>>> print(open('my_file_23.tsv').read())   # TSV, C-alpha atoms and all ligand atoms
chain	number	residue	atom	x	y	z
A	1	MET	CA	112.38	157.38	149.81
A	2	THR	CA	115.35	157.64	152.17
A	3	SER	CA	117.20	154.87	150.33
A	4	LYS	CA	116.58	156.64	146.99
A	5	LEU	CA	117.99	159.86	148.38
A	6	LEU	CA	121.03	158.06	149.79
A	7	PHE	CA	121.64	156.30	146.50
A	8	ARG	CA	121.32	159.54	144.50
A	9	ASN	CA	123.77	161.34	146.78
A	10	PHE	CA	126.15	158.39	146.58
A	11	VAL	CA	126.29	158.24	142.77
A	12	ARG	CA	126.30	161.94	141.88
A	13	GLY	CA	129.55	162.74	143.69
A	14	PRO	CA	130.58	165.91	145.55
A	15	LEU	CA	128.93	169.23	144.69
A	16	THR	CA	131.91	171.34	145.69
A	17	GLU	CA	132.59	174.11	143.20
A	18	ALA	CA	136.04	174.51	141.76
A	19	ALA	CA	138.10	177.40	143.11
A	20	PRO	CA	137.98	180.50	140.90
A	21	PRO	CA	141.05	181.05	138.70
A	22	VAL	CA	143.65	183.36	140.21
A	23	ASP	CA	145.98	185.40	138.01
A	24	ASP	CA	149.16	184.82	140.01
A	25	VAL	CA	151.25	187.33	138.10
A	26	ALA	CA	148.73	190.16	138.43
A	27	LEU	CA	148.15	189.28	142.10
A	28	ALA	CA	151.88	189.27	142.88
A	29	GLU	CA	152.31	192.61	141.13
A	30	LEU	CA	149.40	194.17	142.99
A	31	ALA	CA	150.47	192.84	146.40
A	32	THR	CA	154.06	193.92	145.81
A	33	ARG	CA	152.89	197.43	144.95
A	34	VAL	CA	150.81	197.57	148.14
A	35	ASN	CA	153.83	196.50	150.17
A	36	GLN	CA	156.14	199.00	148.44
A	37	ALA	CA	153.64	201.83	148.97
A	38	SER	CA	153.32	200.87	152.63
A	39	ARG	CA	157.09	200.84	153.13
A	40	ALA	CA	157.45	204.17	151.32
A	41	ARG	CA	154.85	205.86	153.53
A	42	MET	CA	155.38	204.20	156.88
A	43	GLY	CA	158.72	202.42	156.63
A	44	ARG	CA	157.11	199.06	157.35
A	45	THR	CA	154.65	196.52	156.03
A	46	LEU	CA	150.94	197.10	156.38
A	47	SER	CA	149.07	195.70	159.40
A	48	ILE	CA	145.34	195.25	159.05
A	49	ARG	CA	142.65	194.69	161.67
A	50	GLU	CA	139.35	193.42	160.32
A	51	VAL	CA	136.20	194.50	162.13
A	52	ASP	CA	132.85	192.92	161.39
A	53	ALA	CA	130.39	195.60	162.47
A	54	GLY	CA	127.35	193.53	161.50
A	55	SER	CA	127.89	192.03	158.05
A	56	CYS	CA	126.30	188.88	156.64
A	57	ASN	CA	129.84	187.37	156.56
A	58	GLY	CA	130.04	187.49	152.76
A	59	CYS	CA	132.61	190.29	152.90
A	60	GLU	CA	134.56	188.36	155.57
A	61	LEU	CA	134.84	185.35	153.29
A	62	GLU	CA	136.55	187.49	150.64
A	63	ILE	CA	138.80	189.15	153.21
A	64	HIS	CA	139.74	185.75	154.63
A	65	ALA	CA	140.54	184.62	151.10
A	66	LEU	CA	143.44	187.09	151.07
A	67	ASN	CA	145.19	184.75	153.50
A	68	ASN	CA	144.15	181.39	152.08
A	69	VAL	CA	146.36	179.08	150.07
A	70	LEU	CA	145.33	180.68	146.76
A	71	TYR	CA	146.21	184.27	147.65
A	72	ASP	CA	148.55	183.82	150.64
A	73	LEU	CA	149.24	187.52	150.98
A	74	GLU	CA	151.53	187.23	153.97
A	75	ARG	CA	154.26	186.22	151.54
A	76	PHE	CA	154.14	189.85	150.30
A	77	GLY	CA	154.32	191.32	153.79
A	78	LEU	CA	150.67	192.19	154.43
A	79	ARG	CA	149.57	191.08	157.86
A	80	PHE	CA	146.25	190.67	159.60
A	81	VAL	CA	146.71	191.44	163.28
A	82	ALA	CA	144.63	190.35	166.25
A	83	SER	CA	144.73	193.64	168.12
A	84	PRO	CA	143.84	197.13	166.90
A	85	ARG	CA	146.85	198.34	168.89
A	86	HIS	CA	149.06	196.78	166.21
A	87	ALA	CA	147.05	197.95	163.20
A	88	ASP	CA	147.53	200.65	160.59
A	89	VAL	CA	144.26	200.02	158.79
A	90	LEU	CA	140.82	199.04	160.04
A	91	LEU	CA	138.91	197.07	157.41
A	92	VAL	CA	135.30	197.45	158.50
A	93	THR	CA	132.47	195.41	157.01
A	94	GLY	CA	128.73	195.42	157.24
A	95	PRO	CA	126.17	197.94	158.20
A	96	VAL	CA	127.04	199.08	161.71
A	97	THR	CA	124.55	197.46	164.03
A	98	ALA	CA	123.45	199.18	167.20
A	99	ASN	CA	125.03	196.33	169.16
A	100	MET	CA	128.42	196.74	167.46
A	101	ARG	CA	128.61	200.53	167.51
A	102	GLU	CA	130.44	200.85	170.81
A	103	ALA	CA	132.83	198.00	169.97
A	104	LEU	CA	133.68	199.72	166.69
A	105	GLU	CA	134.26	203.06	168.40
A	106	ARG	CA	136.48	201.41	171.01
A	107	THR	CA	138.46	199.59	168.34
A	108	TYR	CA	139.05	202.89	166.55
A	109	ARG	CA	140.20	204.61	169.73
A	110	ALA	CA	142.58	201.71	170.46
A	111	THR	CA	144.26	201.98	167.07
A	112	PRO	CA	147.36	204.20	167.14
A	113	ASP	CA	147.85	207.13	164.74
A	114	PRO	CA	148.38	207.27	161.86
A	115	LYS	CA	145.39	205.04	161.10
A	116	TRP	CA	142.97	204.67	158.27
A	117	VAL	CA	139.46	203.33	158.08
A	118	VAL	CA	138.41	201.39	155.01
A	119	ALA	CA	134.71	200.58	154.65
A	120	VAL	CA	134.39	197.28	152.79
A	121	GLY	CA	131.27	196.34	150.81
A	122	ASP	CA	128.02	198.01	149.89
A	123	CYS	CA	126.57	197.62	153.38
A	124	ALA	CA	129.52	199.49	154.88
A	125	ARG	CA	128.75	202.46	152.63
A	126	ASN	CA	125.12	203.09	153.53
A	127	GLY	CA	123.69	199.98	155.16
A	128	GLY	CA	123.14	198.23	151.82
A	129	VAL	CA	120.39	195.65	151.93
A	130	PHE	CA	120.04	196.27	155.66
A	131	ALA	CA	119.48	200.04	155.34
A	132	GLY	CA	116.50	201.18	157.33
A	133	SER	CA	116.61	198.29	159.77
A	134	PRO	CA	116.01	199.44	163.34
A	135	ALA	CA	118.95	197.21	164.33
A	136	CYS	CA	121.40	199.27	162.22
A	137	VAL	CA	122.76	202.75	162.69
A	138	GLY	CA	123.88	203.00	159.04
A	139	GLY	CA	127.13	202.76	157.12
A	140	VAL	CA	130.55	203.00	158.74
A	141	SER	CA	130.73	206.76	158.13
A	142	ALA	CA	127.79	207.17	160.52
A	143	VAL	CA	130.19	206.19	163.31
A	144	LEU	CA	133.79	206.72	162.15
A	145	PRO	CA	135.67	208.94	159.68
A	146	VAL	CA	136.07	206.79	156.58
A	147	ASP	CA	139.15	207.22	154.39
A	148	LEU	CA	138.13	204.86	151.61
A	149	HIS	CA	135.16	202.82	150.54
A	150	ILE	CA	135.62	199.61	148.54
A	151	PRO	CA	132.32	198.81	146.80
A	152	GLY	CA	130.94	195.38	146.02
A	153	CYS	CA	128.64	192.77	147.48
A	154	PRO	CA	131.08	191.43	148.35
A	155	PRO	CA	134.24	192.94	146.82
A	156	SER	CA	136.69	190.36	145.45
A	157	PRO	CA	140.16	189.87	147.00
A	158	SER	CA	141.66	191.71	144.00
A	159	ALA	CA	139.28	194.63	144.54
A	160	LEU	CA	140.34	194.72	148.19
A	161	LEU	CA	144.00	194.86	147.21
A	162	LYS	CA	143.36	197.60	144.65
A	163	GLY	CA	141.52	199.56	147.33
A	164	LEU	CA	144.42	199.25	149.78
A	165	LEU	CA	146.82	200.36	147.09
A	166	ALA	CA	144.67	203.38	146.24
A	167	LEU	CA	144.53	204.26	149.93
A	168	LEU	CA	148.29	204.08	150.40
A	169	GLU	CA	148.96	206.07	147.25
A	170	SER	CA	146.55	208.82	148.29
A	171	VAL	CA	147.55	209.37	151.91
A	172	SER	CA	150.52	211.03	153.52
A	173	THR	CA	151.74	210.25	157.02
A	201	LIG	S1	128.04	194.00	151.11
A	201	LIG	FE1	126.99	192.07	150.54
A	201	LIG	S2	128.43	190.45	151.22
A	201	LIG	FE2	129.04	192.36	152.28
A	201	LIG	S3	127.94	192.32	154.25
A	201	LIG	FE3	126.61	193.43	152.78
A	201	LIG	S4	125.22	191.85	151.95
A	201	LIG	FE4	126.95	190.78	152.91
>>> encode(input="my_file_23.tsv", output="structure tokens", more="lines below")
Ligand code: SF4
Amino acid sequence: MTSKLLFRNFVRGPLTEAAPPVDDVALAELATRVNQASRARMGRTLSIREVDAGSCNGCELEIHALNNVLYDLERFGLRFVASPRHADVLLVTGPVTANMREALERTYRATPDPKWVVAVGDCARNGGVFAGSPACVGGVSAVLPVDLHIPGCPPSPSALLKGLLALLESVST
């Protein structure tokens, strides 16, 4: 049995899925517009702090994709920063769990004004598939003032960029 399984795995090759196609032109245009909008409103490029308030990590994978070799958004000036003290935008994912509530509130307080909160994914809106769990306090708006919600389970990198652009075009500093 074990030898059959080994042989089958040996002959069928890797099961890795091909990367999804990326429209480089549309991506570059979108990212450039985000950067231009950021410079017009704040005089600098956009700095983003990601906060996982209790997600399943699906939304994180899409957010991380913004910086991978396919999207590589730093070439357009968008930056993910390690500290909320350096951030303009908090990208918050997940339902907010009871355990993460205080950390989320502290992160918000540590972020200098002007700052914006973007709730990413269906769980961040109202708890999503985790709504009603005794471990969750609800969507992000149950804890922080939310400026924008980007729907999806999870939202794609392009949807994230479109959301950031909509945010920058709608706010004034
Ligand atoms: S919206 Fe979907 S991918 Fe994102 S944390 Fe919720 S279940 Fe996971």
>>> residues_near_ligand(input="my_file_23.tsv", ligand="ligand LIG 201 (chain A)", cutoff="7 Å", atoms="all atoms listed in the file", output="list in words")
Ser55, Cys56, Asn57, Gly58, Cys59, Thr93, Gly94, Gly121, Asp122, Cys123, Ala124, Gly128, Val129, Gly152, Cys153 and Pro154 of chain A
>>> write_last_selection(input="my_file_23.tsv", atoms="C-alpha atoms", output="CSV table (one decimal), keeping the file's coordinate frame")
chain,number,residue,atom,x,y,z
A,55,SER,CA,127.9,192.0,158.0
A,56,CYS,CA,126.3,188.9,156.6
A,57,ASN,CA,129.8,187.4,156.6
A,58,GLY,CA,130.0,187.5,152.8
A,59,CYS,CA,132.6,190.3,152.9
A,93,THR,CA,132.5,195.4,157.0
A,94,GLY,CA,128.7,195.4,157.2
A,121,GLY,CA,131.3,196.3,150.8
A,122,ASP,CA,128.0,198.0,149.9
A,123,CYS,CA,126.6,197.6,153.4
A,124,ALA,CA,129.5,199.5,154.9
A,128,GLY,CA,123.1,198.2,151.8
A,129,VAL,CA,120.4,195.6,151.9
A,152,GLY,CA,130.9,195.4,146.0
A,153,CYS,CA,128.6,192.8,147.5
A,154,PRO,CA,131.1,191.4,148.4
>>> residues_near_point(input="my_file_23.tsv", point="(133.8, 199.4, 153.9)", cutoff="10 Å", atoms="only C-alpha atoms", output="PyMOL selection string")
chain A and resi 51-53+59+90-95+117-126+139-141+146-152+155+160
>>> atom_distance(input="my_file_23.tsv", atom1="CA of Ser158 in chain A", atom2="CA of Ala142 in chain A")
26.5 Å
>>> closest_atom_pairs(input="my_file_23.tsv", of="range 58-91 of chain A", to="range 97-109 of chain A", cutoff="12 Å", atoms="all atoms listed in the file", output="tab-separated table")
residue	atom	partner	partner_atom	distance
A:Ala82	CA	A:Thr107	CA	11.3
A:Ser83	CA	A:Thr107	CA	8.6
A:Pro84	CA	A:Thr107	CA	6.1
A:Arg85	CA	A:Thr107	CA	8.5
A:His86	CA	A:Thr107	CA	11.2
A:Ala87	CA	A:Tyr108	CA	10.0
A:Asp88	CA	A:Tyr108	CA	10.6
A:Val89	CA	A:Tyr108	CA	9.8
A:Leu90	CA	A:Tyr108	CA	7.8
A:Leu91	CA	A:Tyr108	CA	10.8
>>> closest_residue(input="my_file_23.tsv", among="A:Leu167, A:Ala135, A:Phe130, A:Arg79", to="Trp116 in chain A", atoms="only C-alpha atoms")
A:Leu167
>>> atom_distance(input="my_file_23.tsv", atom1="CA of Arg75 in chain A", atom2="CA of Ile63 in chain A")
15.8 Å
>>> closest_residue(input="my_file_23.tsv", among="A:Arg49, A:His64, A:Lys162, A:Lys4", to="Pro112 in chain A", atoms="all atoms listed in the file")
A:Arg49
>>> closest_residue(input="my_file_23.tsv", among="A:Asp24, A:Glu50, A:Asp113, A:Glu29", to="Val69 in chain A", atoms="only C-alpha atoms")
A:Asp24
>>> residues_around(input="my_file_23.tsv", residues="range 31-34 of chain A", least_positions_apart="2", cutoff="9 Å", atoms="only C-alpha atoms", output="list in words")
Ala26, Leu27, Ala28, Glu29, Gln36, Ala37, Ser38, Arg39, Thr45, Leu46, Leu73, Phe76, Gly77, Leu78, Leu161, Lys162, Leu164, Leu165, Ala166, Leu168 and Glu169 of chain A
